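Visitor: my_file.cif (mmCIF, C-alpha atoms and all ligand atoms) pasted underneath:
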data_query
loop_
_atom_site.label_atom_id
_atom_site.label_comp_id
_atom_site.auth_asym_id
_atom_site.auth_seq_id
_atom_site.Cartn_x
_atom_site.Cartn_y
_atom_site.Cartn_z
CA MET K 4 -63.72 -21.21 38.08
CA SER K 5 -65.30 -24.21 36.35
CA LYS K 6 -64.13 -25.20 32.87
CA THR K 7 -65.29 -27.31 29.95
CA ILE K 8 -62.80 -29.40 27.99
CA THR K 9 -63.84 -30.78 24.59
CA VAL K 10 -61.82 -33.69 23.21
CA TYR K 11 -61.95 -33.87 19.43
CA SER K 12 -60.37 -35.51 16.41
CA THR K 13 -61.20 -35.30 12.73
CA ARG K 14 -61.23 -39.12 12.42
CA GLY K 15 -62.75 -41.91 14.50
CA GLY K 16 -60.50 -44.35 16.31
CA SER K 17 -57.90 -41.68 17.09
CA GLY K 18 -58.23 -41.95 20.86
CA LYS K 19 -60.79 -39.27 21.83
CA THR K 20 -62.66 -41.49 24.25
CA ILE K 21 -59.61 -42.95 25.87
CA THR K 22 -58.05 -39.49 26.25
CA SER K 23 -61.33 -38.09 27.65
CA VAL K 24 -61.49 -40.86 30.25
CA SER K 25 -57.82 -40.46 31.18
CA LEU K 26 -58.20 -36.68 31.56
CA ALA K 27 -61.36 -37.10 33.64
CA MET K 28 -59.76 -39.69 35.94
CA SER K 29 -56.65 -37.60 36.36
CA LEU K 30 -58.77 -34.58 37.39
CA ALA K 31 -61.06 -36.62 39.66
CA LYS K 32 -58.20 -38.24 41.50
CA ARG K 33 -56.94 -34.74 42.43
CA GLY K 34 -60.27 -34.16 44.19
CA LEU K 35 -61.71 -32.03 41.37
CA LYS K 36 -65.41 -32.72 40.83
CA THR K 37 -65.62 -33.91 37.23
CA ILE K 38 -68.40 -34.97 34.89
CA MET K 39 -67.95 -36.56 31.48
CA ILE K 40 -70.61 -36.29 28.80
CA ASP K 41 -70.66 -38.72 25.91
CA VAL K 42 -71.59 -36.25 23.16
CA ASP K 43 -70.54 -38.57 20.33
CA LEU K 44 -73.94 -39.26 18.77
CA GLU K 45 -72.46 -41.31 15.99
CA ALA K 46 -70.24 -43.71 17.93
CA PRO K 47 -70.99 -43.43 21.66
CA SER K 48 -68.77 -45.70 23.72
CA LEU K 49 -68.53 -44.47 27.31
CA ILE K 50 -71.26 -46.80 28.48
CA HIS K 51 -69.01 -49.77 27.62
CA LEU K 52 -65.75 -48.29 28.78
CA LEU K 53 -66.98 -46.79 32.05
CA PRO K 54 -70.16 -48.64 33.03
CA PRO K 55 -72.72 -46.86 35.24
CA LYS K 56 -73.52 -48.19 38.74
CA SER K 57 -77.21 -48.45 37.86
CA ASN K 58 -79.06 -48.52 34.54
CA PRO K 59 -79.76 -45.01 33.27
CA SER K 60 -83.17 -44.35 31.72
CA ARG K 61 -82.51 -40.95 30.12
CA PHE K 62 -79.54 -39.92 28.02
CA TRP K 63 -77.76 -36.86 26.60
CA PRO K 64 -79.69 -36.89 23.27
CA ASP K 65 -82.94 -36.59 25.30
CA TYR K 66 -81.61 -33.37 26.78
CA LEU K 67 -80.46 -32.02 23.40
CA ASP K 68 -83.98 -32.60 22.11
CA GLU K 69 -86.10 -31.60 25.09
CA GLY K 70 -83.93 -29.31 27.23
CA ASP K 71 -85.42 -28.46 30.60
CA ARG K 72 -88.34 -30.84 30.17
CA VAL K 73 -85.80 -33.51 31.13
CA GLN K 74 -84.40 -33.28 34.65
CA LEU K 75 -80.63 -32.97 34.36
CA GLY K 76 -80.30 -34.97 37.59
CA GLU K 77 -81.96 -37.94 35.90
CA LEU K 78 -79.14 -38.08 33.35
CA ILE K 79 -76.24 -38.01 35.81
CA GLN K 80 -74.79 -41.38 36.74
CA GLN K 81 -72.13 -42.15 39.31
CA THR K 82 -69.10 -44.24 38.44
CA SER K 83 -67.03 -46.41 40.76
CA MET K 84 -64.57 -43.55 41.10
CA ASP K 85 -65.00 -40.68 43.59
CA ASN K 86 -65.58 -37.27 42.01
CA LEU K 87 -66.33 -38.77 38.60
CA ASP K 88 -69.85 -38.80 37.17
CA VAL K 89 -71.04 -39.42 33.62
CA ILE K 90 -73.93 -38.49 31.34
CA TYR K 91 -74.25 -41.23 28.75
CA THR K 92 -75.47 -41.56 25.20
CA SER K 93 -77.02 -45.00 24.92
CA SER K 94 -77.14 -46.66 21.54
CA PRO K 95 -76.25 -44.75 18.38
CA GLU K 96 -79.80 -45.09 16.93
CA MET K 97 -81.33 -42.01 18.53
CA GLY K 98 -78.31 -39.78 17.92
CA LYS K 99 -77.94 -40.99 14.34
CA LYS K 100 -81.57 -40.14 13.66
CA PHE K 101 -80.92 -36.59 14.86
CA LEU K 102 -77.78 -36.32 12.75
CA GLN K 103 -79.64 -37.45 9.64
CA THR K 104 -82.93 -35.62 10.00
CA LYS K 105 -82.57 -32.48 12.09
CA GLN K 106 -82.29 -29.08 10.47
CA ARG K 107 -80.18 -26.11 11.43
CA ASN K 108 -82.77 -24.58 13.81
CA TRP K 109 -82.94 -27.82 15.82
CA TRP K 110 -79.14 -27.77 16.28
CA GLU K 111 -79.28 -24.12 17.34
CA GLN K 112 -81.83 -25.11 19.94
CA ALA K 113 -79.64 -28.08 20.96
CA LEU K 114 -76.75 -25.66 21.51
CA LYS K 115 -78.96 -23.53 23.79
CA HIS K 116 -79.89 -26.67 25.73
CA SER K 117 -76.22 -27.63 26.03
CA LEU K 118 -75.30 -24.16 27.32
CA MET K 119 -78.10 -24.45 29.87
CA ALA K 120 -76.83 -27.86 31.02
CA GLN K 121 -73.29 -26.46 31.27
CA LYS K 122 -74.48 -23.60 33.50
CA LYS K 123 -76.47 -25.96 35.73
CA LEU K 124 -73.61 -28.42 36.10
CA TYR K 125 -71.34 -25.56 37.18
CA GLU K 126 -73.99 -24.49 39.71
CA MET K 127 -74.10 -28.09 40.99
CA GLY K 128 -70.41 -27.74 41.84
CA TYR K 129 -68.65 -29.54 39.02
CA ASP K 130 -65.17 -28.13 38.48
CA PHE K 131 -64.71 -29.76 35.07
CA ILE K 132 -66.99 -30.94 32.28
CA ILE K 133 -65.27 -33.23 29.78
CA LEU K 134 -67.02 -33.61 26.42
CA ASP K 135 -66.09 -36.73 24.46
CA ASN K 136 -66.89 -35.29 21.03
CA GLN K 137 -67.88 -36.81 17.71
CA SER K 138 -65.36 -36.77 14.87
CA GLY K 139 -66.01 -34.99 11.59
CA THR K 140 -67.61 -31.62 10.98
CA SER K 141 -71.28 -32.09 11.91
CA MET K 142 -73.32 -29.36 13.62
CA ASN K 143 -73.06 -31.56 16.70
CA SER K 144 -69.24 -31.54 16.72
CA VAL K 145 -69.17 -27.79 16.15
CA ASN K 146 -71.64 -27.11 18.98
CA ASN K 147 -69.45 -29.08 21.36
CA MET K 148 -66.41 -27.10 20.28
CA ILE K 149 -68.31 -23.86 20.95
CA LEU K 150 -68.96 -25.01 24.54
CA ALA K 151 -65.25 -25.51 25.25
CA ASP K 152 -62.94 -23.25 27.22
CA ILE K 153 -60.20 -25.75 26.46
CA SER K 154 -60.10 -28.09 23.49
CA VAL K 155 -57.85 -31.08 23.06
CA LEU K 156 -57.28 -32.19 19.48
CA ILE K 157 -56.09 -35.77 19.12
CA VAL K 158 -53.77 -36.36 16.18
CA ARG K 159 -52.25 -39.61 15.06
CA PRO K 160 -48.93 -39.62 13.24
CA THR K 161 -50.37 -40.28 9.78
CA HIS K 162 -50.47 -37.88 6.86
CA TYR K 163 -54.21 -37.90 6.38
CA GLY K 164 -54.74 -37.38 10.11
CA VAL K 165 -52.75 -34.19 10.39
CA ASP K 166 -53.81 -32.82 7.01
CA ALA K 167 -57.48 -33.04 7.96
CA THR K 168 -56.71 -31.49 11.34
CA GLU K 169 -54.99 -28.53 9.70
CA THR K 170 -57.99 -27.82 7.44
CA PHE K 171 -60.42 -28.12 10.34
CA VAL K 172 -58.41 -25.82 12.57
CA GLN K 173 -58.05 -23.17 9.90
CA GLU K 174 -61.76 -23.11 9.17
CA LEU K 175 -63.27 -23.47 12.61
CA TYR K 176 -60.91 -22.12 15.23
CA ARG K 177 -60.63 -18.78 13.52
CA ILE K 178 -64.33 -18.23 14.15
CA LEU K 179 -64.39 -19.82 17.62
CA ARG K 180 -61.50 -17.73 18.88
CA ASP K 181 -63.47 -14.53 18.30
CA MET K 182 -66.33 -15.80 20.47
CA LYS K 183 -64.65 -16.24 23.87
CA PRO K 184 -61.18 -16.79 25.30
CA ARG K 185 -60.06 -20.37 24.75
CA LYS K 186 -56.99 -22.54 24.82
CA ASP K 187 -56.58 -25.27 22.22
CA TYR K 188 -54.09 -28.09 22.66
CA PHE K 189 -53.00 -30.90 20.37
CA VAL K 190 -52.04 -34.34 21.62
CA TRP K 191 -50.14 -36.94 19.59
CA ASN K 192 -51.61 -40.39 20.14
CA GLN K 193 -50.56 -43.89 19.16
CA VAL K 194 -47.02 -42.78 18.49
CA PRO K 195 -44.94 -45.87 17.60
CA ASP K 196 -42.06 -46.98 19.73
CA VAL K 197 -38.67 -46.42 18.09
CA SER K 198 -35.55 -48.33 18.99
CA THR K 199 -32.71 -47.04 16.82
CA PRO K 200 -31.37 -43.49 16.31
CA GLU K 201 -32.35 -43.75 12.66
CA GLU K 202 -35.96 -44.56 13.53
CA GLN K 203 -35.97 -41.78 16.11
CA ASP K 204 -34.71 -39.34 13.51
CA LEU K 205 -37.42 -40.32 10.99
CA LEU K 206 -40.13 -39.94 13.63
CA ASN K 207 -38.77 -36.60 14.84
CA ARG K 208 -38.70 -35.19 11.32
CA PHE K 209 -42.39 -35.83 10.89
CA ILE K 210 -43.40 -34.74 14.40
CA ASP K 211 -41.25 -31.59 14.45
CA LYS K 212 -42.61 -30.45 11.09
CA TRP K 213 -46.20 -30.84 12.27
CA ASN K 214 -45.56 -29.35 15.71
CA ARG K 215 -44.39 -26.19 13.98
CA ARG K 216 -47.39 -26.11 11.65
CA LEU K 217 -49.95 -26.75 14.38
CA GLU K 218 -48.31 -24.22 16.71
CA GLY K 219 -48.27 -21.76 13.82
CA MET K 220 -52.05 -22.04 13.79
CA GLY K 221 -52.29 -21.02 17.45
CA LEU K 222 -52.54 -24.51 18.93
CA HIS K 223 -50.47 -25.45 21.97
CA TYR K 224 -48.50 -28.67 22.33
CA GLY K 225 -50.17 -30.88 24.96
CA ALA K 226 -48.70 -34.36 25.20
CA THR K 227 -47.38 -37.37 23.33
CA LEU K 228 -49.05 -40.70 24.07
CA PRO K 229 -47.26 -43.84 22.92
CA LEU K 230 -48.88 -46.75 21.17
CA ASP K 231 -49.11 -48.91 24.28
CA ARG K 232 -49.77 -52.62 23.76
CA MET K 233 -50.51 -53.52 27.35
CA PHE K 234 -52.83 -50.54 27.66
CA ASN K 235 -54.73 -51.66 24.56
CA LEU K 236 -54.99 -55.24 25.77
CA GLN K 237 -56.27 -54.15 29.17
CA LEU K 238 -58.90 -51.97 27.49
CA LEU K 239 -59.99 -54.90 25.36
CA ASN K 240 -60.76 -56.63 28.65
CA ASP K 241 -62.57 -53.60 30.12
CA MET K 242 -59.80 -53.02 32.67
CA VAL K 243 -60.06 -49.25 32.35
CA GLU K 244 -58.72 -48.20 35.73
CA ALA K 245 -55.88 -50.69 35.51
CA ALA K 246 -54.99 -49.41 32.05
CA ILE K 247 -54.96 -45.79 33.09
CA PHE K 248 -53.60 -46.02 36.62
CA SER K 249 -50.99 -48.75 36.37
CA ASP K 250 -47.59 -47.45 35.37
CA SER K 251 -48.91 -47.05 31.84
CA LEU K 252 -47.15 -44.43 29.78
CA VAL K 253 -50.48 -43.09 28.55
CA GLY K 254 -51.73 -42.38 32.09
CA HIS K 255 -48.40 -40.91 33.11
CA ASN K 256 -48.26 -38.55 30.14
CA ILE K 257 -51.86 -37.47 30.69
CA ASP K 258 -51.08 -36.66 34.34
CA GLU K 259 -48.22 -34.43 33.22
CA PHE K 260 -50.48 -32.78 30.67
CA VAL K 261 -53.13 -32.10 33.33
CA ASP K 262 -50.46 -30.58 35.63
CA LYS K 263 -49.52 -28.22 32.82
CA MET K 264 -53.12 -27.42 31.94
CA LEU K 265 -54.03 -26.59 35.55
CA LYS K 266 -51.04 -24.25 35.86
CA GLU K 267 -51.81 -22.25 32.73
N1 LIG T 301 -52.17 -44.83 22.93
C1 LIG T 301 -52.83 -45.97 22.67
N2 LIG T 301 -52.21 -47.17 22.78
C2 LIG T 301 -52.88 -48.30 22.51
N3 LIG T 301 -54.14 -48.36 22.11
C3 LIG T 301 -54.82 -47.20 21.98
C4 LIG T 301 -54.20 -45.95 22.24
N4 LIG T 301 -55.11 -44.98 22.01
C5 LIG T 301 -56.24 -45.60 21.61
N5 LIG T 301 -56.08 -46.92 21.58
C6 LIG T 301 -57.08 -47.91 21.17
O1 LIG T 301 -57.66 -47.43 19.95
C7 LIG T 301 -59.06 -47.63 19.95
C8 LIG T 301 -59.80 -46.35 19.62
O2 LIG T 301 -59.69 -45.44 20.69
P1 LIG T 301 -60.91 -44.50 21.12
O3 LIG T 301 -60.45 -43.69 22.29
O4 LIG T 301 -62.14 -45.28 21.29
O5 LIG T 301 -61.03 -43.58 19.80
P2 LIG T 301 -62.15 -42.54 19.36
O6 LIG T 301 -62.96 -42.19 20.56
O7 LIG T 301 -61.39 -41.37 18.81
O8 LIG T 301 -62.95 -43.21 18.29
C9 LIG T 301 -59.42 -48.19 21.31
O9 LIG T 301 -59.70 -49.55 21.14
C10 LIG T 301 -58.22 -48.00 22.19
O10 LIG T 301 -58.06 -49.08 23.05
MG MG T 302 -65.01 -42.34 20.95
#
Take the structure in this file and express it as structure tokens.
Guide:
Amino acid sequence: MSKTITVYSTRGGSGKTITSVSLAMSLAKRGLKTIMIDVDLEAPSLIHLLPPKSNPSRFWPDYLDEGDRVQLGELIQQTSMDNLDVIYTSSPEMGKKFLQTKQRNWWEQALKHSLMAQKKLYEMGYDFIILDNQSGTSMNSVNNMILADISVLIVRPTHYGVDATETFVQELYRILRDMKPRKDYFVWNQVPDVSTPEEQDLLNRFIDKWNRRLEGMGLHYGATLPLDRMFNLQLLNDMVEAAIFSDSLVGHNIDEFVDKMLKE
């Protein structure tokens, strides 16, 4: 049965996009037909990270606005990787205009359009839809959480990061969980390397405390991704596949996470 995974964090720069791409590549390389949608209207970035083979003319915000008047097929772009397609959001201008001006009824309509796209993509044979979500608590972010069967919450080991996550989870997931069965994971990202037992102990104290709190809220532990210098440098040079597929710890940990996710 096809599934939708929404990748979310309360703050920008946490690693949503990079985790979305890693998850999508890990699924695609197993032969699972996967499509990513850049649903971050505020800070879209997939078009840079994973460039399309040809220049797209229509984008995800067009579909949110117009629904079926836009052919879904026109939005879908192939990537250089087998089994991995993408629907892009171009520049932030269009999405930002929607975020600033559209009222509640427009977002309700946008949710209906998204659900329609989801159904059609499943009918087209996609096994997984990965939504690279927008941070914060906009109607857009909430809609994309509603679409998810599985959500992946990216948390960085900083106080403000996990505090904000806790508030968000308490407010939103309580409602979402009554709507349909779902599984929500949290993933630690950019975890610093420690070299002495004392450093390890300090890190563990923080992480263990928050693991318990997040698990107490019904979230499931997903993975721990290290702050990886080489990975970051490769990304700065647009070497996405190299970054994710080399023996990078990020890619390795994501593969293990996907193994676990597929079993559950
Ligand atoms: N585990 C990591 N190790 C090194 N750099 C990372 C890691 N995770 C993210 N980054 C870097 O942090 C930046 C923000 O990541 P990104 O996935 O774009 O965040 P978001 O989508 O949440 O805004 C990127 O430049 C990325 O290269
Ligand atoms: Mg992003």
Visitor: Counting only C-alpha atoms and all ligand atoms, which residues in chain K sit no more than 6 Å from ligand LIG 301 (chain T)? For each one, give the nearest pair of atoms and the distance in Å, sorted by chain then residue number, as a tab-separated table.
Guide:
residue	atom	partner	partner_atom	distance
K:Gly15	CA	T:LIG301	O8	4.0
K:Gly16	CA	T:LIG301	O8	3.4
K:Ser17	CA	T:LIG301	O7	3.9
K:Gly18	CA	T:LIG301	O3	3.2
K:Lys19	CA	T:LIG301	O7	3.7
K:Thr20	CA	T:LIG301	O3	3.7
K:Ile21	CA	T:LIG301	O3	3.8
K:Asn192	CA	T:LIG301	N1	5.3
K:Gln193	CA	T:LIG301	N1	4.2
K:Leu228	CA	T:LIG301	N1	5.3
K:Pro229	CA	T:LIG301	N1	5.0
K:Leu230	CA	T:LIG301	N2	3.7
K:Asp231	CA	T:LIG301	N2	3.9
K:Arg232	CA	T:LIG301	C2	5.5
K:Phe234	CA	T:LIG301	C2	5.6
K:Asn235	CA	T:LIG301	N3	4.2
K:Leu238	CA	T:LIG301	O10	5.4
Visitor: Rounded to one decimal, what separation in Å do you get between CA of Tyr188 (chain K) and CA of Ile157 (chain K)?
Guide: 8.7 Å
Visitor: Considering all atoms listed in the file, can you say which of K:Met97, K:Pro160, K:Arg61, K:Leu175 comes closest to Leu206 (chain K)?
Guide: K:Pro160
Visitor: Report as a PyMOL selection string which protein, DNA and RNA residues come within 10 Å of ligand MG 302 (chain T), using all atoms listed in the file.
Guide: chain K and resi 10-12+14-23+41-49+52+135-138
Visitor: Output C-alpha atoms for every residue in that selection, as a CSV table (one decimal), keeping the file's coordinate frame.
Guide:
chain,number,residue,atom,x,y,z
K,10,VAL,CA,-61.8,-33.7,23.2
K,11,TYR,CA,-62.0,-33.9,19.4
K,12,SER,CA,-60.4,-35.5,16.4
K,14,ARG,CA,-61.2,-39.1,12.4
K,15,GLY,CA,-62.8,-41.9,14.5
K,16,GLY,CA,-60.5,-44.4,16.3
K,17,SER,CA,-57.9,-41.7,17.1
K,18,GLY,CA,-58.2,-42.0,20.9
K,19,LYS,CA,-60.8,-39.3,21.8
K,20,THR,CA,-62.7,-41.5,24.2
K,21,ILE,CA,-59.6,-43.0,25.9
K,22,THR,CA,-58.0,-39.5,26.2
K,23,SER,CA,-61.3,-38.1,27.6
K,41,ASP,CA,-70.7,-38.7,25.9
K,42,VAL,CA,-71.6,-36.2,23.2
K,43,ASP,CA,-70.5,-38.6,20.3
K,44,LEU,CA,-73.9,-39.3,18.8
K,45,GLU,CA,-72.5,-41.3,16.0
K,46,ALA,CA,-70.2,-43.7,17.9
K,47,PRO,CA,-71.0,-43.4,21.7
K,48,SER,CA,-68.8,-45.7,23.7
K,49,LEU,CA,-68.5,-44.5,27.3
K,52,LEU,CA,-65.8,-48.3,28.8
K,135,ASP,CA,-66.1,-36.7,24.5
K,136,ASN,CA,-66.9,-35.3,21.0
K,137,GLN,CA,-67.9,-36.8,17.7
K,138,SER,CA,-65.4,-36.8,14.9
Visitor: Using all atoms listed in the file, can you tell me which of K:Ser198, K:Ser141, K:Thr9, K:Ser117 comes closest to Glu69 (chain K)?
Guide: K:Ser117
Visitor: In Å to one decimal, how far is CA of Ser249 (chain K) from CA of Leu35 (chain K)?
Guide: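 Separating CA of Leu35 (chain K) from CA of Ser249 (chain K) is a distance of 20.5 Å.
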Visitor: For a cutoff of 12 Å around the file-coordinate point (-75.7, -27.6, 37.7), which residues qualify once you count all atoms listed in the file? I'd like the result as a list of chain:residue names.
Guide: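 Final list of nearby residues, as requested, is K:Ser5, K:Lys36, K:Thr37, K:Ile38, K:Gln74, K:Leu75, K:Gly76, K:Leu78, K:Ile79, K:Ser117, K:Leu118, K:Met119, K:Ala120, K:Gln121, K:Lys122, K:Lys123, K:Leu124, K:Tyr125, K:Glu126, K:Met127, K:Gly128, K:Tyr129, K:Asp130, K:Phe131, K:Ile132.
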Visitor: Need to verify the contact set: Lys186 (chain K), 8 Å, only C-alpha atoms, exclusion of same-chain residues closer than 5 positions in sequence. Can you return it as a PyMOL selection string?
Guide: chain K and resi 152-154+222-223
Visitor: Using all atoms listed in the file for the distances, tell me which of K:Asp71, K:Glu77, K:Asp196, K:Glu169 is nearest to Gly219 (chain K).
Guide: K:Glu169
Visitor: Anything within 12 Å of (-54.7, -48.1, 40.3): list those residues as JSON, numbers by chain, counting all atoms listed in the file and sticking to the file's coordinates.
Guide: {"K": [28, 29, 32, 84, 242, 243, 244, 245, 246, 247, 248, 249, 250, 251, 254, 255]}
Visitor: Could you jot down the CA of Asp241 (chain K) to CA of Met39 (chain K) separation for me, Å, one decimal place?
Guide: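 Separation of CA of Asp241 (chain K) and CA of Met39 (chain K): 17.9 Å.
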Visitor: Check the smallest atom-to-atom distance from each of K:Ile149, K:Leu30, K:Arg216, K:Asp258 to Asp181 (chain K) using only C-alpha atoms, then report the winner.
Guide: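 Going through K:Ile149, K:Leu30, K:Arg216, K:Asp258 one by one, the smallest distance to Asp181 (chain K) is for K:Ile149.
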Visitor: Choose the residue, out of K:Thr82, K:Ser60, K:Thr161, K:Asn143, that has the smallest atom-to-atom separation from Gly98 (chain K); count all atoms listed in the file.
Guide: K:Asn143
Visitor: Which one of K:Gly70, K:Gly34, K:Gly221, K:Pro54 sits closest to His116 (chain K) if you count all atoms listed in the file?
Guide: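 Under the stated criterion, the closest residue is K:Gly70.
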Visitor: Near Ile50 (chain K), within 10 Å and counting all atoms listed in the file, which residues show up once chain neighbours fewer than 4 positions away are dropped, as a list in words?
Guide: Asp41, Pro54, Pro55, Pro59, Val89, Ile90, Tyr91, Thr92, Ser93 and Ser94 of chain K
Visitor: Emit as lines of an AutoDock Vina configuration file the padded axis-aligned box for all listed atoms of region 252-263 of chain K, 8 Å per side, with centre and edge lengths in Å to one decimal.
Guide:
center_x = -50.1
center_y = -36.3
center_z = 32.1
size_x = 22.0
size_y = 32.2
size_z = 23.1
Visitor: Quick one: region 90-114 of chain K with N, CA and C atoms, as a short mmCIF file (atom, residue, chain, number, x, y, z; two decimals), in the coordinates of the input?
Guide:
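Result went into out.cif, see below:
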data_model
loop_
_atom_site.label_atom_id
_atom_site.label_comp_id
_atom_site.auth_asym_id
_atom_site.auth_seq_id
_atom_site.Cartn_x
_atom_site.Cartn_y
_atom_site.Cartn_z
N ILE K 90 -72.64 -38.51 32.06
CA ILE K 90 -73.93 -38.49 31.34
C ILE K 90 -73.70 -39.28 30.06
N TYR K 91 -74.49 -40.31 29.86
CA TYR K 91 -74.25 -41.23 28.75
C TYR K 91 -75.10 -40.91 27.52
N THR K 92 -74.63 -41.42 26.38
CA THR K 92 -75.47 -41.56 25.20
C THR K 92 -75.61 -43.06 25.02
N SER K 93 -76.84 -43.55 24.90
CA SER K 93 -77.02 -45.00 24.92
C SER K 93 -76.57 -45.63 23.62
N SER K 94 -77.49 -46.03 22.81
CA SER K 94 -77.14 -46.66 21.54
C SER K 94 -77.04 -45.55 20.50
N PRO K 95 -76.37 -45.81 19.39
CA PRO K 95 -76.25 -44.75 18.38
C PRO K 95 -77.56 -44.43 17.64
N GLU K 96 -78.58 -45.28 17.77
CA GLU K 96 -79.80 -45.09 16.93
C GLU K 96 -80.41 -43.70 17.06
N MET K 97 -80.65 -43.29 18.31
CA MET K 97 -81.33 -42.01 18.53
C MET K 97 -80.48 -40.84 18.00
N GLY K 98 -79.20 -40.86 18.35
CA GLY K 98 -78.31 -39.78 17.92
C GLY K 98 -78.18 -39.75 16.41
N LYS K 99 -78.09 -40.92 15.80
CA LYS K 99 -77.94 -40.99 14.34
C LYS K 99 -79.17 -40.41 13.65
N LYS K 100 -80.33 -40.68 14.23
CA LYS K 100 -81.57 -40.14 13.66
C LYS K 100 -81.52 -38.60 13.68
N PHE K 101 -81.04 -38.05 14.78
CA PHE K 101 -80.92 -36.59 14.86
C PHE K 101 -79.94 -36.08 13.80
N LEU K 102 -78.81 -36.77 13.70
CA LEU K 102 -77.78 -36.32 12.75
C LEU K 102 -78.30 -36.33 11.32
N GLN K 103 -79.16 -37.31 11.02
CA GLN K 103 -79.64 -37.45 9.64
C GLN K 103 -80.82 -36.55 9.32
N THR K 104 -81.66 -36.27 10.33
CA THR K 104 -82.93 -35.62 10.00
C THR K 104 -83.06 -34.17 10.48
N LYS K 105 -82.30 -33.79 11.49
CA LYS K 105 -82.57 -32.48 12.09
C LYS K 105 -81.96 -31.34 11.29
N GLN K 106 -82.71 -30.25 11.22
CA GLN K 106 -82.29 -29.08 10.47
C GLN K 106 -81.53 -28.11 11.37
N ARG K 107 -81.00 -27.08 10.73
CA ARG K 107 -80.18 -26.11 11.43
C ARG K 107 -80.84 -25.55 12.71
N ASN K 108 -82.12 -25.20 12.63
CA ASN K 108 -82.77 -24.58 13.81
C ASN K 108 -82.83 -25.54 15.00
N TRP K 109 -82.95 -26.83 14.72
CA TRP K 109 -82.94 -27.82 15.82
C TRP K 109 -81.57 -27.82 16.50
N TRP K 110 -80.50 -27.76 15.71
CA TRP K 110 -79.14 -27.77 16.28
C TRP K 110 -78.86 -26.48 17.04
N GLU K 111 -79.44 -25.38 16.59
CA GLU K 111 -79.28 -24.12 17.34
C GLU K 111 -79.96 -24.24 18.71
N GLN K 112 -81.12 -24.86 18.69
CA GLN K 112 -81.83 -25.11 19.94
C GLN K 112 -81.03 -26.07 20.83
N ALA K 113 -80.46 -27.09 20.21
CA ALA K 113 -79.64 -28.08 20.96
C ALA K 113 -78.45 -27.38 21.62
N LEU K 114 -77.87 -26.41 20.93
CA LEU K 114 -76.75 -25.66 21.51
C LEU K 114 -77.23 -24.88 22.73
#
